[in-house]
$ cat target14.csv   # CSV, C-alpha atoms
chain,number,residue,atom,x,y,z
A,21,MET,CA,-5.1,17.3,-20.1
A,22,LYS,CA,-3.0,18.2,-17.0
A,23,TYR,CA,-2.9,16.4,-13.7
A,24,SER,CA,-1.3,17.2,-10.4
A,25,TYR,CA,1.3,14.5,-10.0
A,26,TYR,CA,2.6,13.1,-6.7
A,27,PRO,CA,5.7,11.0,-7.4
A,28,GLY,CA,6.7,10.1,-3.9
A,29,CYS,CA,10.2,9.5,-2.5
A,30,THR,CA,11.1,6.2,-4.2
A,31,LEU,CA,10.2,7.4,-7.7
A,32,LYS,CA,12.9,10.0,-7.3
A,33,ASN,CA,15.5,7.4,-6.5
A,34,LYS,CA,15.3,3.6,-6.7
A,35,ALA,CA,12.2,3.5,-8.8
A,36,GLN,CA,13.0,6.1,-11.4
A,37,ASP,CA,11.9,3.7,-14.1
A,38,LEU,CA,8.3,3.7,-12.8
A,39,ASP,CA,8.3,7.5,-13.1
A,40,ARG,CA,10.1,8.1,-16.4
A,41,PHE,CA,8.3,5.5,-18.4
A,42,ALA,CA,5.0,6.9,-17.1
A,43,ARG,CA,5.9,10.5,-18.1
A,44,ALA,CA,6.9,9.4,-21.6
A,45,SER,CA,3.8,7.3,-22.0
A,46,ALA,CA,1.6,10.1,-20.8
A,47,ALA,CA,3.0,12.4,-23.4
A,48,ALA,CA,2.4,9.8,-26.1
A,49,LEU,CA,-1.2,9.5,-24.9
A,50,GLY,CA,-1.8,13.2,-24.7
A,51,PHE,CA,-1.8,14.0,-21.0
A,52,GLU,CA,0.7,15.6,-18.7
A,53,LEU,CA,1.8,14.9,-15.2
A,54,VAL,CA,2.7,18.2,-13.5
A,55,GLU,CA,4.7,17.4,-10.4
A,56,ILE,CA,3.4,19.0,-7.2
A,57,PRO,CA,6.1,21.4,-6.0
A,58,GLU,CA,7.5,20.7,-2.6
A,59,TRP,CA,5.5,17.5,-2.1
A,60,GLN,CA,6.4,15.7,1.1
A,61,CYS,CA,6.8,12.0,1.7
A,62,CYS,CA,3.5,10.2,2.4
A,63,GLY,CA,5.2,8.0,5.0
A,64,GLY,CA,4.7,4.7,3.1
A,65,VAL,CA,2.1,3.2,5.4
A,66,TYR,CA,-1.3,4.8,6.2
A,67,PRO,CA,-1.5,5.6,9.9
A,68,LEU,CA,-4.4,3.5,11.1
A,69,GLY,CA,-4.7,5.1,14.6
A,70,THR,CA,-7.7,7.4,15.0
A,71,ASP,CA,-5.6,9.9,16.9
A,72,GLU,CA,-2.8,10.0,14.3
A,73,ILE,CA,-3.1,13.3,12.5
A,74,ALA,CA,0.4,14.8,12.2
A,75,THR,CA,1.5,11.9,10.1
A,76,LYS,CA,-1.3,12.5,7.6
A,77,LEU,CA,-0.5,16.2,7.0
A,78,SER,CA,1.9,15.7,4.2
A,79,SER,CA,-0.8,14.0,2.2
A,80,VAL,CA,-3.3,16.7,3.1
A,81,ARG,CA,-1.0,19.4,1.8
A,82,ALA,CA,-0.6,17.6,-1.6
A,83,LEU,CA,-4.3,17.0,-1.8
A,84,ASN,CA,-5.1,20.7,-1.1
A,85,TYR,CA,-2.5,21.8,-3.6
A,86,ALA,CA,-4.2,19.8,-6.4
A,87,LYS,CA,-7.6,21.3,-5.3
A,88,GLU,CA,-6.1,24.8,-5.7
A,89,GLN,CA,-5.0,23.9,-9.2
A,90,GLN,CA,-8.4,22.5,-9.9
A,91,GLN,CA,-6.8,19.3,-11.1
A,92,ASP,CA,-7.1,15.6,-10.3
A,93,LEU,CA,-4.2,14.2,-8.4
A,94,VAL,CA,-2.4,11.3,-10.1
A,95,THR,CA,-0.2,8.7,-8.3
A,96,LEU,CA,2.0,5.8,-9.6
A,97,CYS,CA,3.5,4.2,-6.5
A,98,SER,CA,1.0,1.8,-4.8
A,99,ALA,CA,1.9,3.0,-1.3
A,100,CYS,CA,1.5,6.7,-2.1
A,101,HIS,CA,-1.8,6.0,-3.8
A,102,HIS,CA,-3.0,4.0,-0.8
A,103,VAL,CA,-2.0,6.7,1.7
A,104,LEU,CA,-3.3,9.7,-0.3
A,105,LYS,CA,-6.6,8.0,-1.1
A,106,ARG,CA,-7.2,7.0,2.5
A,107,VAL,CA,-6.2,10.4,3.9
A,108,ASN,CA,-8.5,12.0,1.4
A,109,ASP,CA,-11.3,9.7,2.6
A,110,ASP,CA,-10.6,10.8,6.2
A,111,MET,CA,-10.7,14.5,5.2
A,112,LYS,CA,-14.1,13.9,3.5
A,113,ASN,CA,-15.7,11.6,6.1
A,114,VAL,CA,-14.0,11.9,9.5
A,115,GLY,CA,-14.9,15.2,11.1
A,116,ASP,CA,-12.3,15.1,13.9
A,117,ILE,CA,-9.4,14.5,11.5
A,118,ARG,CA,-10.8,17.1,9.0
A,119,THR,CA,-11.2,19.8,11.7
A,120,ARG,CA,-7.8,19.3,13.4
A,121,ALA,CA,-5.9,19.0,10.1
A,122,ASN,CA,-7.5,22.2,8.8
A,123,ASN,CA,-6.9,24.0,12.1
A,124,TYR,CA,-3.2,23.2,11.8
A,125,CYS,CA,-2.7,23.8,8.1
A,126,GLY,CA,-4.7,27.0,7.9
A,127,PHE,CA,-5.5,26.9,4.2
A,128,GLU,CA,-7.3,29.8,2.7
A,129,GLU,CA,-10.4,27.7,2.6
A,130,PRO,CA,-10.8,24.4,4.5
A,131,TYR,CA,-9.9,21.2,2.7
A,132,GLN,CA,-12.7,18.7,2.8
A,133,GLY,CA,-11.6,15.9,0.5
A,134,GLU,CA,-12.6,17.6,-2.8
A,135,THR,CA,-9.6,16.3,-4.8
A,136,ARG,CA,-10.1,13.2,-6.9
A,137,VAL,CA,-7.2,10.8,-6.4
A,138,LEU,CA,-6.5,8.7,-9.5
A,139,HIS,CA,-3.9,6.0,-9.9
A,140,PHE,CA,-2.2,6.2,-13.3
A,141,LEU,CA,-3.9,2.9,-14.3
A,142,GLU,CA,-7.3,4.5,-13.5
A,143,VAL,CA,-6.4,7.3,-15.9
A,144,LEU,CA,-5.7,4.7,-18.6
A,145,LYS,CA,-8.9,2.9,-17.9
A,146,ASP,CA,-11.4,5.7,-17.2
A,147,VAL,CA,-10.0,8.7,-19.1
A,148,ILE,CA,-8.1,7.3,-22.0
A,149,GLY,CA,-9.9,4.0,-22.2
A,150,PHE,CA,-8.2,0.7,-22.8
A,151,ASP,CA,-9.8,0.5,-26.3
A,152,GLU,CA,-8.2,3.8,-27.2
A,153,LEU,CA,-4.9,2.8,-25.6
A,154,ALA,CA,-4.9,-0.4,-27.7
A,155,LYS,CA,-5.2,1.8,-30.9
A,156,LYS,CA,-2.1,3.8,-29.9
A,157,VAL,CA,0.0,0.7,-29.4
A,158,VAL,CA,2.7,0.5,-32.1
A,159,ASN,CA,4.7,-2.4,-30.7
A,160,PRO,CA,2.1,-4.9,-29.5
A,161,LEU,CA,3.6,-7.3,-27.0
A,162,GLU,CA,2.4,-10.3,-28.9
A,163,GLY,CA,3.1,-13.8,-27.5
A,164,ARG,CA,4.0,-12.5,-24.0
A,165,LYS,CA,2.3,-14.1,-21.1
A,166,ILE,CA,2.2,-11.6,-18.3
A,167,GLY,CA,1.1,-12.1,-14.7
A,168,ALA,CA,-0.3,-8.9,-13.1
A,169,TYR,CA,0.9,-8.7,-9.5
A,170,TYR,CA,-1.5,-6.4,-7.7
A,171,GLY,CA,-0.3,-6.9,-4.1
A,172,CYS,CA,-2.3,-5.1,-1.4
A,173,LEU,CA,-2.1,-1.4,-1.5
A,174,THR,CA,-4.1,-0.4,-4.5
A,175,LEU,CA,-6.9,-2.9,-3.7
A,176,ARG,CA,-7.6,-2.9,0.0
A,177,PRO,CA,-9.7,-1.8,1.8
A,178,GLY,CA,-11.9,-2.0,-1.3
A,179,LYS,CA,-14.6,0.3,0.1
A,180,ILE,CA,-12.1,3.2,0.3
A,181,LEU,CA,-9.6,2.4,-2.5
A,182,ASP,CA,-12.4,1.7,-5.0
A,183,PHE,CA,-9.8,0.6,-7.5
A,184,ASP,CA,-11.3,-2.7,-8.5
A,185,ASP,CA,-12.9,-5.8,-7.0
A,186,PRO,CA,-10.3,-6.5,-4.3
A,187,GLU,CA,-10.8,-10.3,-4.5
A,188,ASN,CA,-11.0,-10.6,-8.3
A,189,PRO,CA,-9.5,-7.5,-9.9
A,190,LYS,CA,-9.1,-7.2,-13.7
A,191,ILE,CA,-7.8,-3.7,-14.4
A,192,MET,CA,-4.2,-4.8,-14.9
A,193,GLU,CA,-5.3,-7.8,-17.0
A,194,ASP,CA,-7.3,-5.4,-19.2
A,195,PHE,CA,-4.2,-3.2,-19.4
A,196,ILE,CA,-2.1,-6.2,-20.5
A,197,ARG,CA,-4.7,-7.1,-23.2
A,198,ALA,CA,-4.6,-3.5,-24.5
A,199,LEU,CA,-0.8,-3.9,-25.0
A,200,GLY,CA,-1.4,-6.9,-27.1
A,201,ALA,CA,-0.2,-9.5,-24.6
A,202,GLU,CA,-1.9,-12.3,-22.8
A,203,PRO,CA,-2.7,-11.9,-19.1
A,204,VAL,CA,-2.1,-14.8,-16.8
A,205,ILE,CA,-4.6,-15.1,-13.9
A,206,TYR,CA,-3.3,-16.7,-10.8
A,207,SER,CA,-4.5,-16.8,-7.2
A,208,MET,CA,-1.6,-15.1,-5.4
A,209,ARG,CA,-1.9,-11.9,-7.5
A,210,ASN,CA,-3.6,-10.0,-4.7
A,211,GLU,CA,-1.7,-11.6,-1.7
A,212,CYS,CA,1.0,-9.7,0.1
A,213,CYS,CA,4.7,-10.0,-0.9
A,214,GLY,CA,5.8,-9.5,2.7
A,215,GLY,CA,6.0,-5.7,2.5
A,216,TYR,CA,8.4,-3.8,4.8
A,217,VAL,CA,9.1,-6.9,6.9
A,218,SER,CA,11.9,-7.6,4.4
A,219,LEU,CA,14.1,-5.1,6.2
A,220,LYS,CA,14.4,-7.1,9.4
A,221,ASP,CA,13.2,-10.5,8.2
A,222,PRO,CA,14.2,-11.1,4.5
A,223,GLU,CA,13.8,-14.8,4.8
A,224,PHE,CA,10.1,-14.5,5.6
A,225,THR,CA,9.6,-12.3,2.6
A,226,LYS,CA,11.3,-14.9,0.4
A,227,THR,CA,8.8,-17.5,1.5
A,228,ARG,CA,6.0,-15.2,0.3
A,229,THR,CA,7.6,-14.3,-3.0
A,230,LYS,CA,8.4,-17.9,-3.8
A,231,MET,CA,4.7,-18.7,-3.5
A,232,ILE,CA,3.9,-15.8,-5.8
A,233,PHE,CA,6.4,-17.0,-8.4
A,234,ASP,CA,5.4,-20.7,-8.1
A,235,ASP,CA,1.8,-19.8,-8.5
A,236,SER,CA,2.2,-17.4,-11.4
A,237,THR,CA,4.6,-19.5,-13.4
A,238,GLY,CA,2.5,-22.6,-12.7
A,239,PHE,CA,-0.2,-20.8,-14.7
A,240,GLY,CA,2.3,-20.0,-17.5
A,241,ALA,CA,3.5,-16.4,-16.7
A,242,ASP,CA,6.8,-15.5,-18.4
A,243,CYS,CA,7.0,-12.2,-16.5
A,244,LEU,CA,5.2,-10.2,-13.9
A,245,ILE,CA,4.2,-6.5,-13.7
A,246,THR,CA,3.8,-4.4,-10.6
A,247,ALA,CA,3.1,-0.8,-9.6
A,248,CYS,CA,4.8,-1.0,-6.3
A,249,PRO,CA,8.6,-0.4,-5.7
A,250,LEU,CA,8.5,-2.5,-2.5
A,251,CYS,CA,6.9,-5.4,-4.3
A,252,MET,CA,9.5,-5.0,-7.0
A,253,TYR,CA,12.3,-5.1,-4.5
A,254,ASN,CA,10.9,-8.1,-2.6
A,255,LEU,CA,10.2,-10.1,-5.8
A,256,ASN,CA,13.6,-9.3,-7.2
A,257,LYS,CA,15.2,-10.9,-4.1
A,258,SER,CA,13.7,-14.2,-5.1
A,259,GLU,CA,15.9,-16.5,-7.2
A,260,ALA,CA,12.9,-17.1,-9.5
A,261,SER,CA,13.2,-13.5,-10.7
A,262,SER,CA,16.3,-14.4,-12.8
A,263,LYS,CA,14.0,-16.5,-15.0
A,264,VAL,CA,10.8,-14.6,-14.6
A,265,PRO,CA,11.6,-10.9,-14.8
A,266,VAL,CA,9.5,-8.3,-13.0
A,267,TYR,CA,8.7,-5.0,-14.7
A,268,TYR,CA,7.0,-1.8,-13.7
A,269,PHE,CA,3.8,-1.7,-15.7
A,270,THR,CA,4.9,1.6,-17.1
A,271,GLU,CA,8.0,0.1,-18.7
A,272,LEU,CA,5.8,-2.3,-20.8
A,273,LEU,CA,3.5,0.5,-21.6
A,274,ALA,CA,6.3,2.7,-22.9
A,275,GLU,CA,7.6,-0.3,-24.9
A,276,ALA,CA,4.2,-0.9,-26.5
A,277,LEU,CA,3.7,2.8,-27.3
A,278,GLY,CA,7.2,2.9,-28.8
A,279,VAL,CA,8.6,5.5,-26.5
A,280,LYS,CA,10.8,3.4,-24.3
A,281,GLU,CA,14.1,4.4,-25.9
A,282,GLU,CA,13.4,8.1,-25.6
A,283,ALA,CA,12.2,7.9,-22.0
B,27,MET,CA,5.8,-4.6,32.0
B,28,GLY,CA,2.9,-4.5,34.4
B,29,PHE,CA,-0.1,-2.3,34.5
B,30,THR,CA,-2.3,-1.4,37.3
B,31,ASN,CA,-5.0,0.2,35.3
B,32,VAL,CA,-6.2,-2.5,32.9
B,33,GLU,CA,-9.5,-0.6,32.1
B,34,SER,CA,-7.7,2.5,30.9
B,35,GLN,CA,-5.5,0.4,28.6
B,36,VAL,CA,-8.5,-1.4,27.2
B,37,GLU,CA,-10.2,1.9,26.6
B,38,LEU,CA,-7.1,3.3,24.9
B,39,ILE,CA,-6.9,0.4,22.5
B,40,LYS,CA,-10.5,0.9,21.6
B,41,GLU,CA,-10.0,4.6,21.1
B,42,ILE,CA,-6.8,4.3,19.0
B,43,SER,CA,-8.3,1.5,16.9
B,44,GLY,CA,-11.8,3.0,16.6
B,45,SER,CA,-12.9,-0.7,16.5
B,46,ASP,CA,-15.4,-2.6,18.6
B,47,PRO,CA,-13.9,-6.0,19.7
B,48,TYR,CA,-17.4,-7.1,20.9
B,49,LYS,CA,-18.6,-7.3,17.3
B,50,CYS,CA,-16.2,-10.3,16.7
B,51,MET,CA,-17.9,-13.6,16.4
B,52,LYS,CA,-14.5,-15.5,16.3
B,53,CYS,CA,-15.0,-17.0,12.8
B,54,GLY,CA,-11.2,-16.9,12.3
B,55,LYS,CA,-11.4,-15.6,8.8
B,56,CYS,CA,-8.9,-12.9,9.6
B,57,THR,CA,-6.4,-15.5,10.8
B,58,ALA,CA,-7.0,-17.7,7.8
B,59,SER,CA,-6.3,-14.7,5.6
B,60,CYS,CA,-3.3,-13.4,7.4
B,61,PRO,CA,0.1,-14.1,5.6
B,62,SER,CA,1.8,-13.7,9.0
B,63,TYR,CA,-0.4,-15.9,11.2
B,64,ASP,CA,2.4,-18.5,11.6
B,65,GLU,CA,4.8,-15.8,12.9
B,66,MET,CA,2.4,-14.7,15.6
B,67,ASP,CA,2.0,-16.2,19.1
B,68,ILE,CA,-1.3,-14.3,19.5
B,69,LYS,CA,-3.3,-14.8,16.2
B,70,PRO,CA,-5.3,-12.0,14.6
B,71,HIS,CA,-8.7,-13.4,15.7
B,72,GLN,CA,-7.5,-13.6,19.3
B,73,PHE,CA,-6.7,-9.9,19.7
B,74,ALA,CA,-10.4,-9.1,20.2
B,75,SER,CA,-10.6,-11.8,23.0
B,76,TYR,CA,-7.5,-10.5,24.7
B,77,ILE,CA,-8.9,-7.0,24.7
B,78,ILE,CA,-12.3,-8.1,26.0
B,79,ARG,CA,-10.8,-10.2,28.8
B,80,GLY,CA,-8.4,-7.3,29.7
B,81,ASP,CA,-5.3,-9.5,29.2
B,82,ILE,CA,-3.3,-6.4,28.4
B,83,ASP,CA,0.0,-7.5,29.9
B,84,GLU,CA,0.1,-10.5,27.6
B,85,LEU,CA,-0.8,-8.4,24.6
B,86,LEU,CA,1.9,-5.9,25.3
B,87,GLU,CA,4.5,-8.6,25.9
B,88,SER,CA,3.8,-10.3,22.6
B,89,LYS,CA,5.7,-9.3,19.4
B,90,ALA,CA,2.7,-10.5,17.3
B,91,ALA,CA,1.6,-7.0,16.4
B,92,PHE,CA,4.9,-6.3,14.9
B,93,LYS,CA,4.5,-9.2,12.5
B,94,CYS,CA,1.5,-7.6,10.8
B,95,LEU,CA,2.3,-6.7,7.2
B,96,ALA,CA,-0.4,-4.0,6.9
B,97,CYS,CA,-1.7,-5.9,3.9
B,98,PHE,CA,-5.4,-5.2,5.1
B,99,ALA,CA,-6.6,-8.7,4.1
B,100,CYS,CA,-8.2,-9.2,7.5
B,101,ILE,CA,-9.9,-5.8,7.3
B,102,GLU,CA,-11.2,-6.6,3.8
B,103,ARG,CA,-12.5,-10.0,4.7
B,104,CYS,CA,-14.0,-9.6,8.1
B,105,PRO,CA,-17.7,-10.4,7.8
B,106,ARG,CA,-18.5,-8.3,11.0
B,107,ASP,CA,-16.4,-5.3,10.1
B,108,VAL,CA,-14.4,-5.6,13.3
B,109,GLN,CA,-11.4,-4.5,11.3
B,110,PRO,CA,-9.0,-6.8,13.2
B,111,GLY,CA,-6.0,-5.1,11.7
B,112,ARG,CA,-6.9,-2.0,13.6
B,113,LEU,CA,-7.0,-3.8,16.9
B,114,VAL,CA,-3.6,-5.4,16.0
B,115,ASP,CA,-2.3,-1.9,15.1
B,116,ALA,CA,-3.5,-0.4,18.3
B,117,ALA,CA,-1.8,-3.1,20.3
B,118,ARG,CA,1.4,-2.2,18.4
B,119,GLN,CA,1.0,1.4,19.1
B,120,LEU,CA,0.4,0.9,22.8
B,121,GLN,CA,3.8,-0.8,23.0
B,122,GLU,CA,5.5,1.9,21.0
B,123,ARG,CA,4.0,4.7,23.0
B,124,GLN,CA,5.8,3.4,26.1
B,125,ARG,CA,9.4,4.1,26.8
B,126,GLY,CA,11.6,1.3,25.3
B,127,GLY,CA,8.7,0.0,23.2
B,128,ASP,CA,10.2,0.5,19.8
B,129,TYR,CA,10.8,-2.6,17.7
B,130,MET,CA,13.7,-1.2,15.7
B,131,GLN,CA,16.6,1.1,16.7
B,132,PRO,CA,18.2,3.4,14.1
B,133,GLU,CA,21.6,1.9,15.0
B,134,GLU,CA,20.4,-1.4,13.5
B,135,VAL,CA,19.6,0.1,10.1
B,136,PRO,CA,23.0,0.6,8.4
B,137,GLU,CA,23.6,-3.2,8.6
B,138,LEU,CA,20.2,-3.9,7.1
B,139,LEU,CA,20.7,-1.7,4.0
B,140,ALA,CA,21.1,-3.1,0.5
B,141,GLU,CA,22.2,-1.2,-2.6
B,142,ASP,CA,18.8,-1.5,-4.3
B,143,LEU,CA,16.7,-1.1,-1.2
B,144,PRO,CA,13.9,1.3,-1.9
B,145,GLN,CA,13.2,4.4,0.2
B,146,GLN,CA,9.6,3.2,0.6
B,147,LEU,CA,10.9,0.2,2.6
B,148,LEU,CA,12.8,2.4,5.0
B,149,VAL,CA,10.0,4.9,5.7
B,150,SER,CA,7.5,2.1,6.1
B,151,ALA,CA,9.6,0.2,8.5
B,152,PHE,CA,10.3,3.4,10.6
B,153,ARG,CA,6.6,4.2,10.7
B,154,ARG,CA,5.6,0.7,11.9
B,155,TYR,CA,8.5,-0.2,14.1
B,156,ARG,CA,9.0,3.1,16.0
B,157,ARG,CA,6.9,5.8,17.5

$ encode --input "target14.csv" --output "structure tokens"
Amino acid sequence: MKYSYYPGCTLKNKAQDLDRFARASAAALGFELVEIPEWQCCGGVYPLGTDEIATKLSSVRALNYAKEQQQDLVTLCSACHHVLKRVNDDMKNVGDIRTRANNYCGFEEPYQGETRVLHFLEVLKDVIGFDELAKKVVNPLEGRKIGAYYGCLTLRPGKILDFDDPENPKIMEDFIRALGAEPVIYSMRNECCGGYVSLKDPEFTKTRTKMIFDDSTGFGADCLITACPLCMYNLNKSEASSKVPVYYFTELLAEALGVKEEA
Amino acid sequence: MGFTNVESQVELIKEISGSDPYKCMKCGKCTASCPSYDEMDIKPHQFASYIIRGDIDELLESKAAFKCLACFACIERCPRDVQPGRLVDAARQLQERQRGGDYMQPEEVPELLAEDLPQQLLVSAFRRYRR
């Protein structure tokens, strides 16, 4: 099984672990991430303005490329996933954006939101299946108590992202169980880490991440997992991260599948 | 900043946001959900009222809109589908679309960089803080 793969800017640089452990794990599970050639940065934040179209075009081009390959498009970074999924929804459902984006791009045939955008976790859940994943685990993460930190971008708005219940998600907990570990459920798991505000106001972000660590460790988490490089960065700026490490979910996946060393 | 044509600014906010402030019933759920409410002099649930009243100058002088984290909790939880975050975002854009309205200058950035700072953070900040 081949997927068009959109890595995004950060996975080529500061978040290489998120990328390489995913590729190795995919190979172990029997699917391949084929990187979209000449992909362009999604911009990190979905442009909310109804008249913002130019800033959506990089996503449109990637989505159309996947359509031409007749492949689903897979993402790993929460921000890329959020932006691509929402732009795809615009191309399907917002006539003004669809018309103007197509007029500008001039594809052979108009792009109308045909591509299916899947987060890597959705491939694990819906294509591989967590039961099948569990059967392929060679190093079960027994005894580990792992807190899933969802953050915002894969979950909200739930109507468009359609990833999981935005207020009570369970996909990452099911993932943790499939790896043989114990998920720790805590209330801050879908609350914002402070996001990009950490550039200008790192102290504010630290108040957010402290709440996340206090809450998750209070329920017994000995580590956290995330799919977002910005959450990873913000969480790692907290003193608590020295005792409660934060991992990309793909790192634990590769570890459980026994492919971490070769990744 | 002072504006002579309040009506056109109100219309512009409605147009950019695609949201109808008159649907707001002031329940305050957006503000209760907002991680940044304490940083804002105008709270998320008040944006609709400012727009309805035409208090555009106050809205454009406030830095509240730049405190939004784009976490979409307000949009998810609004029982009236006002999408408060869209109104906040339109107020931000109205500021940035004027000369001198940017919230961050490129010259500030080198001092803010850290060795492990992800590219995602920079592109996100540029998208939100500058036109």

$ closest_atom_pairs --input "target14.csv" --of "chain A" --to "chain B" --cutoff "10 Å" --atoms "all atoms listed in the file" --output "JSON lines"
{"residue": "A:Gly28", "atom": "CA", "partner": "B:Gln146", "partner_atom": "CA", "distance": 8.7}
{"residue": "A:Cys29", "atom": "CA", "partner": "B:Gln145", "partner_atom": "CA", "distance": 6.5}
{"residue": "A:Thr30", "atom": "CA", "partner": "B:Gln145", "partner_atom": "CA", "distance": 5.2}
{"residue": "A:Leu31", "atom": "CA", "partner": "B:Gln145", "partner_atom": "CA", "distance": 9.0}
{"residue": "A:Lys32", "atom": "CA", "partner": "B:Gln145", "partner_atom": "CA", "distance": 9.4}
{"residue": "A:Asn33", "atom": "CA", "partner": "B:Gln145", "partner_atom": "CA", "distance": 7.7}
{"residue": "A:Lys34", "atom": "CA", "partner": "B:Pro144", "partner_atom": "CA", "distance": 5.5}
{"residue": "A:Ala35", "atom": "CA", "partner": "B:Pro144", "partner_atom": "CA", "distance": 7.4}
{"residue": "A:Cys61", "atom": "CA", "partner": "B:Val149", "partner_atom": "CA", "distance": 8.8}
{"residue": "A:Cys62", "atom": "CA", "partner": "B:Val149", "partner_atom": "CA", "distance": 9.0}
{"residue": "A:Gly63", "atom": "CA", "partner": "B:Val149", "partner_atom": "CA", "distance": 5.8}
{"residue": "A:Gly64", "atom": "CA", "partner": "B:Ser150", "partner_atom": "CA", "distance": 4.9}
{"residue": "A:Val65", "atom": "CA", "partner": "B:Ser150", "partner_atom": "CA", "distance": 5.6}
{"residue": "A:Tyr66", "atom": "CA", "partner": "B:Ala96", "partner_atom": "CA", "distance": 8.9}
{"residue": "A:Pro67", "atom": "CA", "partner": "B:Arg153", "partner_atom": "CA", "distance": 8.3}
{"residue": "A:Leu68", "atom": "CA", "partner": "B:Arg112", "partner_atom": "CA", "distance": 6.5}
{"residue": "A:Gly69", "atom": "CA", "partner": "B:Ile42", "partner_atom": "CA", "distance": 4.9}
{"residue": "A:Thr70", "atom": "CA", "partner": "B:Ile42", "partner_atom": "CA", "distance": 5.1}
{"residue": "A:Asp71", "atom": "CA", "partner": "B:Ile42", "partner_atom": "CA", "distance": 6.1}
{"residue": "A:Glu72", "atom": "CA", "partner": "B:Ile42", "partner_atom": "CA", "distance": 8.4}
{"residue": "A:Thr75", "atom": "CA", "partner": "B:Arg153", "partner_atom": "CA", "distance": 9.3}
{"residue": "A:Cys97", "atom": "CA", "partner": "B:Gln146", "partner_atom": "CA", "distance": 9.4}
{"residue": "A:Ala99", "atom": "CA", "partner": "B:Gln146", "partner_atom": "CA", "distance": 7.9}
{"residue": "A:Cys100", "atom": "CA", "partner": "B:Gln146", "partner_atom": "CA", "distance": 9.2}
{"residue": "A:Gly171", "atom": "CA", "partner": "B:Cys97", "partner_atom": "CA", "distance": 8.2}
{"residue": "A:Cys172", "atom": "CA", "partner": "B:Cys97", "partner_atom": "CA", "distance": 5.4}
{"residue": "A:Leu173", "atom": "CA", "partner": "B:Cys97", "partner_atom": "CA", "distance": 7.0}
{"residue": "A:Leu175", "atom": "CA", "partner": "B:Phe98", "partner_atom": "CA", "distance": 9.2}
{"residue": "A:Arg176", "atom": "CA", "partner": "B:Phe98", "partner_atom": "CA", "distance": 6.0}
{"residue": "A:Pro177", "atom": "CA", "partner": "B:Glu102", "partner_atom": "CA", "distance": 5.4}
{"residue": "A:Gly178", "atom": "CA", "partner": "B:Glu102", "partner_atom": "CA", "distance": 6.9}
{"residue": "A:Lys179", "atom": "CA", "partner": "B:Glu102", "partner_atom": "CA", "distance": 8.5}
{"residue": "A:Pro186", "atom": "CA", "partner": "B:Glu102", "partner_atom": "CA", "distance": 8.2}
{"residue": "A:Glu187", "atom": "CA", "partner": "B:Glu102", "partner_atom": "CA", "distance": 9.1}
{"residue": "A:Asn210", "atom": "CA", "partner": "B:Ala99", "partner_atom": "CA", "distance": 9.4}
{"residue": "A:Glu211", "atom": "CA", "partner": "B:Pro61", "partner_atom": "CA", "distance": 7.9}
{"residue": "A:Cys212", "atom": "CA", "partner": "B:Cys97", "partner_atom": "CA", "distance": 6.0}
{"residue": "A:Cys213", "atom": "CA", "partner": "B:Pro61", "partner_atom": "CA", "distance": 9.0}
{"residue": "A:Gly214", "atom": "CA", "partner": "B:Leu95", "partner_atom": "CA", "distance": 6.4}
{"residue": "A:Gly215", "atom": "CA", "partner": "B:Leu95", "partner_atom": "CA", "distance": 6.1}
{"residue": "A:Tyr216", "atom": "CA", "partner": "B:Leu147", "partner_atom": "CA", "distance": 5.2}
{"residue": "A:Val217", "atom": "CA", "partner": "B:Leu95", "partner_atom": "CA", "distance": 6.8}
{"residue": "A:Ser218", "atom": "CA", "partner": "B:Leu147", "partner_atom": "CA", "distance": 8.1}
{"residue": "A:Leu219", "atom": "CA", "partner": "B:Leu138", "partner_atom": "CA", "distance": 6.3}
{"residue": "A:Lys220", "atom": "CA", "partner": "B:Leu138", "partner_atom": "CA", "distance": 7.0}
{"residue": "A:Asp221", "atom": "CA", "partner": "B:Leu138", "partner_atom": "CA", "distance": 9.7}
{"residue": "A:Pro222", "atom": "CA", "partner": "B:Leu138", "partner_atom": "CA", "distance": 9.7}
{"residue": "A:Phe224", "atom": "CA", "partner": "B:Ser62", "partner_atom": "CA", "distance": 9.0}
{"residue": "A:Arg228", "atom": "CA", "partner": "B:Pro61", "partner_atom": "CA", "distance": 8.0}
{"residue": "A:Cys248", "atom": "CA", "partner": "B:Gln146", "partner_atom": "CA", "distance": 9.4}
{"residue": "A:Pro249", "atom": "CA", "partner": "B:Pro144", "partner_atom": "CA", "distance": 6.7}
{"residue": "A:Leu250", "atom": "CA", "partner": "B:Leu147", "partner_atom": "CA", "distance": 6.2}
{"residue": "A:Cys251", "atom": "CA", "partner": "B:Leu147", "partner_atom": "CA", "distance": 9.7}
{"residue": "A:Met252", "atom": "CA", "partner": "B:Pro144", "partner_atom": "CA", "distance": 9.2}
{"residue": "A:Tyr253", "atom": "CA", "partner": "B:Leu143", "partner_atom": "CA", "distance": 6.8}
{"residue": "A:Asn254", "atom": "CA", "partner": "B:Leu143", "partner_atom": "CA", "distance": 9.2}
{"residue": "A:Asn256", "atom": "CA", "partner": "B:Asp142", "partner_atom": "CA", "distance": 9.8}

$ residues_near_point --input "target14.csv" --point "(11.2, -18.3, -2.4)" --cutoff "12 Å" --atoms "all atoms listed in the file" --output "PyMOL selection string"
chain A and resi 213-214+222-235+254-261

$ residues_around --input "target14.csv" --residues "region 130-139 of chain A" --least-positions-apart "4" --cutoff "7 Å" --atoms "only C-alpha atoms" --output "PyMOL selection string"
chain A and resi 83-84+86-87+92-96+101+105+108-109+111-112+118+122+143

$ closest_residue --input "target14.csv" --among "A:Met192, A:Asp37, A:Ala274, A:Ser207" --to "Phe150 (chain A)" --atoms "all atoms listed in the file"
A:Met192
